[in-house]
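Note: the block below is input_30.csv and it holds CSV, C-alpha atoms and all ligand atoms.
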chain,number,residue,atom,x,y,z
A,1,MET,CA,21.0,198.8,45.3
A,2,ASN,CA,20.5,197.5,48.8
A,3,LYS,CA,21.6,194.6,51.0
A,4,ALA,CA,18.9,192.3,49.7
A,5,VAL,CA,20.5,192.1,46.2
A,6,ARG,CA,23.9,191.1,47.6
A,7,LYS,CA,24.8,187.5,47.9
A,8,ALA,CA,24.8,186.5,51.6
A,9,VAL,CA,27.6,184.0,52.3
A,10,ILE,CA,28.2,182.0,55.4
A,11,ALA,CA,31.6,180.2,55.3
A,12,GLY,CA,33.2,178.0,57.8
A,13,ASN,CA,36.9,178.2,58.3
A,14,TRP,CA,37.9,174.9,59.9
A,15,LYS,CA,41.5,176.1,60.5
A,16,MET,CA,43.8,173.2,61.5
A,17,ASN,CA,41.0,170.8,62.6
A,18,LYS,CA,39.6,167.5,61.4
A,19,THR,CA,41.1,164.5,59.7
A,20,PRO,CA,39.6,163.4,56.3
A,21,GLU,CA,37.3,160.9,58.0
A,22,GLU,CA,36.1,163.5,60.5
A,23,ALA,CA,35.7,166.0,57.7
A,24,LYS,CA,33.3,163.5,56.0
A,25,GLU,CA,31.4,163.1,59.2
A,26,LEU,CA,31.1,166.8,59.8
A,27,ILE,CA,29.9,167.7,56.3
A,28,SER,CA,27.4,164.9,56.5
A,29,ALA,CA,26.1,166.2,59.8
A,30,ILE,CA,25.9,169.8,58.6
A,31,ALA,CA,24.3,169.0,55.2
A,32,PRO,CA,20.7,168.1,56.3
A,33,LEU,CA,20.6,171.1,58.7
A,34,VAL,CA,21.4,173.7,56.0
A,35,LYS,CA,19.7,172.2,53.0
A,36,ASP,CA,17.1,175.0,52.9
A,37,ALA,CA,19.6,177.8,53.5
A,38,GLY,CA,18.7,181.2,52.0
A,39,CYS,CA,22.4,182.0,51.6
A,40,ASP,CA,25.5,180.5,50.1
A,41,VAL,CA,27.1,177.9,52.4
A,42,MET,CA,30.8,177.2,52.3
A,43,ALA,CA,33.2,175.1,54.3
A,44,CYS,CA,36.9,175.8,54.0
A,45,THR,CA,39.0,172.9,55.1
A,46,PRO,CA,42.6,171.8,55.5
A,47,TYR,CA,44.1,170.7,52.2
A,48,VAL,CA,44.2,167.1,53.2
A,49,ASP,CA,40.5,167.1,53.9
A,50,LEU,CA,39.4,168.6,50.6
A,51,TRP,CA,38.8,165.4,48.8
A,52,ALA,CA,36.8,163.8,51.6
A,53,ALA,CA,34.8,167.0,52.2
A,54,GLN,CA,34.1,167.4,48.6
A,55,GLU,CA,32.8,163.8,48.3
A,56,ALA,CA,30.6,164.2,51.3
A,57,ALA,CA,29.3,167.5,49.9
A,58,LYS,CA,28.2,166.1,46.6
A,59,GLY,CA,24.5,166.7,45.9
A,60,THR,CA,24.3,169.2,48.8
A,61,ASN,CA,24.3,173.0,48.8
A,62,ILE,CA,27.7,173.1,50.7
A,63,GLN,CA,30.6,174.4,48.7
A,64,ILE,CA,34.1,173.3,49.7
A,65,GLY,CA,37.0,175.7,49.8
A,66,ALA,CA,40.7,175.8,50.9
A,67,GLU,CA,42.3,177.9,53.5
A,68,ASN,CA,45.2,179.3,51.4
A,69,CYS,CA,47.1,178.9,48.1
A,70,HIS,CA,50.5,180.0,46.8
A,71,TRP,CA,51.3,182.8,44.4
A,72,ALA,CA,53.4,180.7,42.0
A,73,LYS,CA,52.0,178.3,39.4
A,74,SER,CA,54.5,175.6,40.5
A,75,GLY,CA,58.0,175.3,41.7
A,76,ALA,CA,60.4,174.9,44.6
A,77,PHE,CA,58.0,176.0,47.4
A,78,THR,CA,58.1,173.1,49.9
A,79,GLY,CA,54.9,172.7,51.7
A,80,GLU,CA,52.8,175.0,49.6
A,81,ILE,CA,49.8,174.4,47.3
A,82,ALA,CA,49.2,176.2,44.0
A,83,ALA,CA,45.9,177.7,43.1
A,84,ASP,CA,45.8,175.6,39.9
A,85,MET,CA,46.1,172.4,42.0
A,86,LEU,CA,43.0,173.4,43.8
A,87,ALA,CA,41.2,174.3,40.6
A,88,ALA,CA,42.2,171.0,39.1
A,89,MET,CA,40.5,169.1,41.9
A,90,GLY,CA,37.3,171.1,41.5
A,91,ILE,CA,37.9,173.5,44.4
A,92,ASN,CA,36.9,177.0,43.5
A,93,ILE,CA,37.0,178.9,46.8
A,94,VAL,CA,40.0,179.9,48.8
A,95,ILE,CA,40.6,182.0,51.9
A,96,ILE,CA,43.5,184.4,51.4
A,97,GLY,CA,45.2,186.6,54.0
A,98,HIS,CA,43.7,185.2,57.1
A,99,SER,CA,45.1,187.0,60.1
A,100,GLU,CA,46.6,183.7,61.5
A,101,ARG,CA,48.6,183.5,58.2
A,102,ARG,CA,49.7,187.1,58.7
A,103,GLN,CA,50.4,186.6,62.4
A,104,TYR,CA,52.2,183.2,62.5
A,105,PHE,CA,53.5,182.6,58.9
A,106,GLY,CA,54.9,185.9,57.9
A,107,GLU,CA,52.2,186.8,55.3
A,108,THR,CA,52.4,190.5,54.4
A,109,ASP,CA,50.0,192.7,52.4
A,110,VAL,CA,52.2,192.0,49.4
A,111,THR,CA,52.1,188.2,49.7
A,112,VAL,CA,48.3,188.5,50.2
A,113,HIS,CA,48.1,190.4,47.0
A,114,ASP,CA,50.2,187.9,45.1
A,115,ARG,CA,48.2,185.0,46.4
A,116,THR,CA,45.0,186.8,45.6
A,117,ARG,CA,46.3,187.4,42.1
A,118,ALA,CA,47.2,183.7,41.6
A,119,ALA,CA,43.8,182.5,42.9
A,120,LEU,CA,41.9,184.8,40.6
A,121,ASP,CA,44.1,183.7,37.7
A,122,ALA,CA,43.2,180.1,38.4
A,123,GLY,CA,39.5,181.0,38.3
A,124,LEU,CA,38.9,180.7,42.1
A,125,THR,CA,36.7,182.8,44.3
A,126,VAL,CA,38.7,184.5,47.0
A,127,ILE,CA,37.6,185.2,50.6
A,128,LEU,CA,40.0,188.0,51.3
A,129,CYS,CA,40.6,188.7,55.0
A,130,VAL,CA,41.4,192.0,56.5
A,131,GLY,CA,41.4,193.4,60.0
A,132,GLU,CA,43.2,195.2,62.8
A,133,THR,CA,44.9,194.1,66.0
A,134,LEU,CA,43.6,195.5,69.4
A,135,GLU,CA,46.7,197.8,69.5
A,136,GLN,CA,45.9,199.2,66.1
A,137,ARG,CA,42.3,199.8,67.1
A,138,GLU,CA,43.4,201.6,70.2
A,139,GLN,CA,45.8,203.7,68.2
A,140,GLY,CA,42.8,204.8,66.1
A,141,ILE,CA,44.2,203.5,62.8
A,142,THR,CA,41.6,200.8,62.0
A,143,SER,CA,40.2,202.7,59.0
A,144,GLU,CA,43.5,203.5,57.4
A,145,LEU,CA,44.8,200.0,58.0
A,146,VAL,CA,41.8,198.1,56.7
A,147,ALA,CA,41.6,200.4,53.7
A,148,MET,CA,45.3,199.9,53.0
A,149,GLN,CA,45.1,196.1,53.3
A,150,THR,CA,42.1,196.1,50.9
A,151,LYS,CA,43.8,198.3,48.4
A,152,ILE,CA,47.1,196.5,48.3
A,153,ALA,CA,45.4,193.1,48.1
A,154,LEU,CA,43.2,194.2,45.2
A,155,GLY,CA,45.9,196.1,43.3
A,156,GLY,CA,45.5,195.2,39.6
A,157,VAL,CA,42.3,193.2,40.1
A,158,SER,CA,39.8,194.1,37.4
A,159,LYS,CA,36.2,195.0,38.1
A,160,GLU,CA,35.1,191.8,36.4
A,161,GLU,CA,37.4,189.8,38.7
A,162,LEU,CA,36.1,191.6,41.7
A,163,GLY,CA,32.9,189.6,41.1
A,164,ARG,CA,34.9,186.6,42.5
A,165,VAL,CA,36.0,188.4,45.6
A,166,ILE,CA,34.4,188.3,49.0
A,167,ILE,CA,35.9,190.4,51.7
A,168,ALA,CA,35.9,189.2,55.3
A,169,TYR,CA,36.5,191.8,58.0
A,170,GLU,CA,38.0,190.0,61.0
A,171,PRO,CA,39.3,192.1,63.8
A,172,LEU,CA,42.1,190.0,65.4
A,173,TRP,CA,41.0,190.8,68.9
A,174,ALA,CA,37.7,189.0,68.2
A,175,ILE,CA,39.1,185.9,66.7
A,176,GLY,CA,38.8,182.8,68.9
A,177,THR,CA,38.5,185.1,72.0
A,178,GLY,CA,34.8,184.9,72.6
A,179,LYS,CA,35.0,188.7,72.4
A,180,THR,CA,32.8,189.7,69.4
A,181,ALA,CA,32.9,193.1,67.9
A,182,THR,CA,29.6,194.9,68.6
A,183,ALA,CA,27.2,195.0,65.7
A,184,GLN,CA,28.0,198.7,65.3
A,185,GLN,CA,31.7,198.2,65.3
A,186,ALA,CA,31.4,195.4,62.7
A,187,ASN,CA,29.1,197.4,60.5
A,188,GLU,CA,31.2,200.5,60.7
A,189,VAL,CA,34.3,198.7,59.3
A,190,CYS,CA,32.3,196.7,56.8
A,191,ALA,CA,30.9,200.0,55.5
A,192,LEU,CA,34.3,201.5,55.3
A,193,ILE,CA,35.5,198.5,53.3
A,194,ARG,CA,32.5,199.0,51.0
A,195,ASP,CA,33.5,202.7,50.6
A,196,THR,CA,37.0,201.7,49.8
A,197,ILE,CA,35.7,199.4,47.0
A,198,LYS,CA,33.6,202.3,45.7
A,199,GLU,CA,36.7,204.5,45.6
A,200,LEU,CA,38.8,201.8,43.9
A,201,TYR,CA,36.1,200.8,41.4
A,202,ASP,CA,32.7,202.5,41.4
A,203,GLU,CA,29.5,202.8,43.2
A,204,ALA,CA,28.0,199.6,41.8
A,205,ALA,CA,31.1,197.5,42.6
A,206,GLY,CA,30.9,198.7,46.2
A,207,GLU,CA,27.2,198.0,46.5
A,208,GLY,CA,27.5,194.6,44.9
A,209,ILE,CA,30.4,193.1,46.9
A,210,THR,CA,29.7,190.7,49.7
A,211,ILE,CA,31.4,191.7,52.9
A,212,GLN,CA,31.5,189.2,55.8
A,213,TYR,CA,32.2,189.7,59.5
A,214,GLY,CA,34.3,187.1,61.3
A,215,GLY,CA,35.4,186.8,64.9
A,216,SER,CA,33.6,184.8,67.6
A,217,MET,CA,30.4,184.8,65.6
A,218,ASN,CA,28.1,182.2,67.1
A,219,ALA,CA,24.5,181.0,67.3
A,220,ALA,CA,23.7,183.7,69.9
A,221,ASN,CA,25.1,186.8,68.3
A,222,ALA,CA,24.8,186.0,64.6
A,223,ALA,CA,21.3,187.5,64.1
A,224,GLU,CA,22.3,191.0,65.4
A,225,LEU,CA,25.5,191.1,63.4
A,226,LEU,CA,23.9,189.8,60.2
A,227,ALA,CA,21.1,192.3,60.5
A,228,GLN,CA,23.5,195.2,60.0
A,229,PRO,CA,23.2,196.9,56.6
A,230,ASP,CA,26.8,196.3,55.5
A,231,VAL,CA,27.3,192.9,57.0
A,232,ASP,CA,26.5,190.4,54.3
A,233,GLY,CA,27.6,187.2,55.9
A,234,GLY,CA,30.1,185.6,58.2
A,235,LEU,CA,33.4,183.8,58.3
A,236,ILE,CA,33.0,181.3,61.1
A,237,GLY,CA,35.8,179.6,63.0
A,238,GLY,CA,35.0,177.6,66.1
A,239,ALA,CA,31.2,177.5,65.5
A,240,SER,CA,31.7,176.0,62.0
A,241,LEU,CA,32.9,172.8,63.7
A,242,LYS,CA,29.6,172.4,65.5
A,243,PRO,CA,26.8,171.4,63.1
A,244,ALA,CA,24.0,172.8,65.2
A,245,ASP,CA,25.7,176.1,65.8
A,246,PHE,CA,26.8,176.5,62.2
A,247,ALA,CA,23.2,175.8,61.1
A,248,ALA,CA,21.8,178.3,63.6
A,249,ILE,CA,24.1,181.0,62.1
A,250,ILE,CA,22.8,180.1,58.6
A,251,GLU,CA,19.3,180.2,59.9
A,252,ALA,CA,19.9,183.7,61.3
A,253,VAL,CA,21.0,185.0,57.9
A,254,THR,CA,18.1,183.2,56.2
A,255,LYS,CA,15.6,185.0,58.5
A,256,GLY,CA,17.4,188.3,58.4
B,301,LIG,P1,36.3,182.3,65.5
B,301,LIG,O1,34.9,182.2,64.9
B,301,LIG,O2,36.7,181.0,66.1
B,301,LIG,O3,36.5,183.5,66.4
B,301,LIG,O4,37.3,182.5,64.2
B,301,LIG,C1,37.0,183.5,63.3
B,301,LIG,C2,37.9,183.3,62.2
B,301,LIG,O5,39.1,183.5,62.2
B,301,LIG,C3,37.3,182.8,60.9
B,301,LIG,O6,38.2,182.9,59.9

In structure tokens, how does this file's structure come out?
Ligand code: 13P
Amino acid sequence: MNKAVRKAVIAGNWKMNKTPEEAKELISAIAPLVKDAGCDVMACTPYVDLWAAQEAAKGTNIQIGAENCHWAKSGAFTGEIAADMLAAMGINIVIIGHSERRQYFGETDVTVHDRTRAALDAGLTVILCVGETLEQREQGITSELVAMQTKIALGGVSKEELGRVIIAYEPLWAIGTGKTATAQQANEVCALIRDTIKELYDEAAGEGITIQYGGSMNAANAAELLAQPDVDGGLIGGASLKPADFAAIIEAVTKG
């Protein structure tokens, strides 16, 4: 199996940006630019924007996702959103374990596992984020750390369920910093994640899983990153809020 048979996925992570009205405008601006995309196109938006984004995306090839979900089905968890609530409104993609959740909101490998479990149980597709800090990279523990994050998150996930998992490698030092990992660095860790999946499941599962790179990916650097043999797509922050830039990244994967 080779890269060509894996599903290439470019997903925007809007983070805490855009009102519902702005979400509608942004989706409407992106849609015509990406209609011929040769990859899956996703936009993950704040919860309050999901309805508007979904309405605006109707009849287009843009799939709308959320940026997190809770591990419980319901209950006393003020401020949280259950996976079933997303599924009930027709949302079937969710980002789990983003480094900003881990960094600022106390998410651990265990809560990331629990949220992944809940999302899969609700029938959602999960974009599972893993990645190291600069300090961890300098300590030389990137491989162990990323493998551990992957293993803990996927504990108990069946091979069948793995078909609804995309993994995003996002080195923290490259997020929102304008400092991209080199294509070699990105590919090296994506390959390592693929090997981890082979170890956890089997060769075919590792070859089949879509692994994205995320961290300051933009119109200028996307082609080189996406040309790497183990980089199957991108999780895009800042550039996903700019229609032309987001479309250029999609164009890069389409050409690659
Ligand atoms: P930037 O593309 O803004 O660096 O963000 C990457 C990211 O965190 C996507 O989830």

Inset, instruction - Quote the spacing between CA of Ile127 (chain A) and CA of Ile166 (chain A) in Å to one decimal place. - result: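 Those two atoms sit 4.7 Å apart.
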
Legend entry - Nearest residue to Ile93 (chain A) from the set A:Arg164, A:Lys58, A:Lys73, A:Lys35 (distances using all atoms listed in the file): A:Arg164

Legend entry - Given all atoms listed in the file as the counted atoms, nearest of A:Lys15, A:Lys3, A:Lys159, A:His98 to Asp202 (chain A): A:Lys159

Inset, instruction - Residues within 9 Å of ligand LIG 301 (chain B), counting all atoms listed in the file: report them as JSON, numbers by chain. - result: {"A": [11, 12, 13, 14, 15, 95, 98, 99, 100, 129, 168, 170, 171, 172, 173, 174, 175, 176, 177, 178, 179, 180, 213, 214, 215, 216, 217, 218, 234, 235, 236, 237, 238, 239, 240]}

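Every protein, DNA or RNA residue with an atom at most 10 Å from Ile197 (chain A), where all atoms listed in the file count and chain neighbours fewer than 5 positions away do not, is listed here: Ala147, Thr150, Lys151, Leu154, Lys159, Leu162, Ala191, Leu192, Asp202, Glu203, Ala204, Ala205, Gly206, Glu207, Gly208 and Ile209 of chain A.
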
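With all atoms listed in the file as the basis for measurement, A:Ala83 is the residue among A:Met89, A:Leu134, A:Ala29, A:Ala83 that approaches Asp121 (chain A) most closely.
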
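Counting only C-alpha atoms, the residue from A:Ala119, A:Lys198, A:Leu241, A:Glu138 that sits nearest to Cys44 (chain A) is A:Leu241.
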
Legend entry - Expected residue set, 12 Å radius at (35.4, 200.4, 54.6), only C-alpha atoms, as a PyMOL selection string: chain A and resi 130-131+142-151+167-169+185-200+206-207+209+211-212+230-231

Legend entry - Residue nearest Arg6 (chain A) - candidates A:Glu55, A:Glu25, A:Ala181, A:Cys39, atoms counted: all atoms listed in the file: A:Cys39

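Here CA of Thr45 (chain A) and CA of Ala57 (chain A) stand 12.3 Å from one another.
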
Legend entry - Nearest to Thr133 (chain A) by atom-to-atom distance, counting only C-alpha atoms, from A:Lys255, A:His70, A:Lys242, A:Arg102: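 Closest to Thr133 (chain A) of all the choices is A:Arg102.
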
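In this model, the gap between CA of Val157 (chain A) and CA of Ile91 (chain A) comes to 20.6 Å.
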
Inset, instruction - Write out as a ChimeraX atom specification which residues come within 7 Å of Ala56 (chain A) when counting all atoms listed in the file, dropping same-chain ones fewer than 6 positions away. - result: /A:24,27-28

Residues from the last selection, C-alpha atoms, saved as a CSV table (one decimal), keeping the file's coordinate frame:
chain,number,residue,atom,x,y,z
A,24,LYS,CA,33.3,163.5,56.0
A,27,ILE,CA,29.9,167.7,56.3
A,28,SER,CA,27.4,164.9,56.5

Legend entry - Asn92 (chain A) environment, 12 Å, only C-alpha atoms, sequence neighbours closer than 6 positions dropped, as an MDAnalysis selection string: chainID A and resid 42:44 50 54 63:69 83:86 119:127 164:165
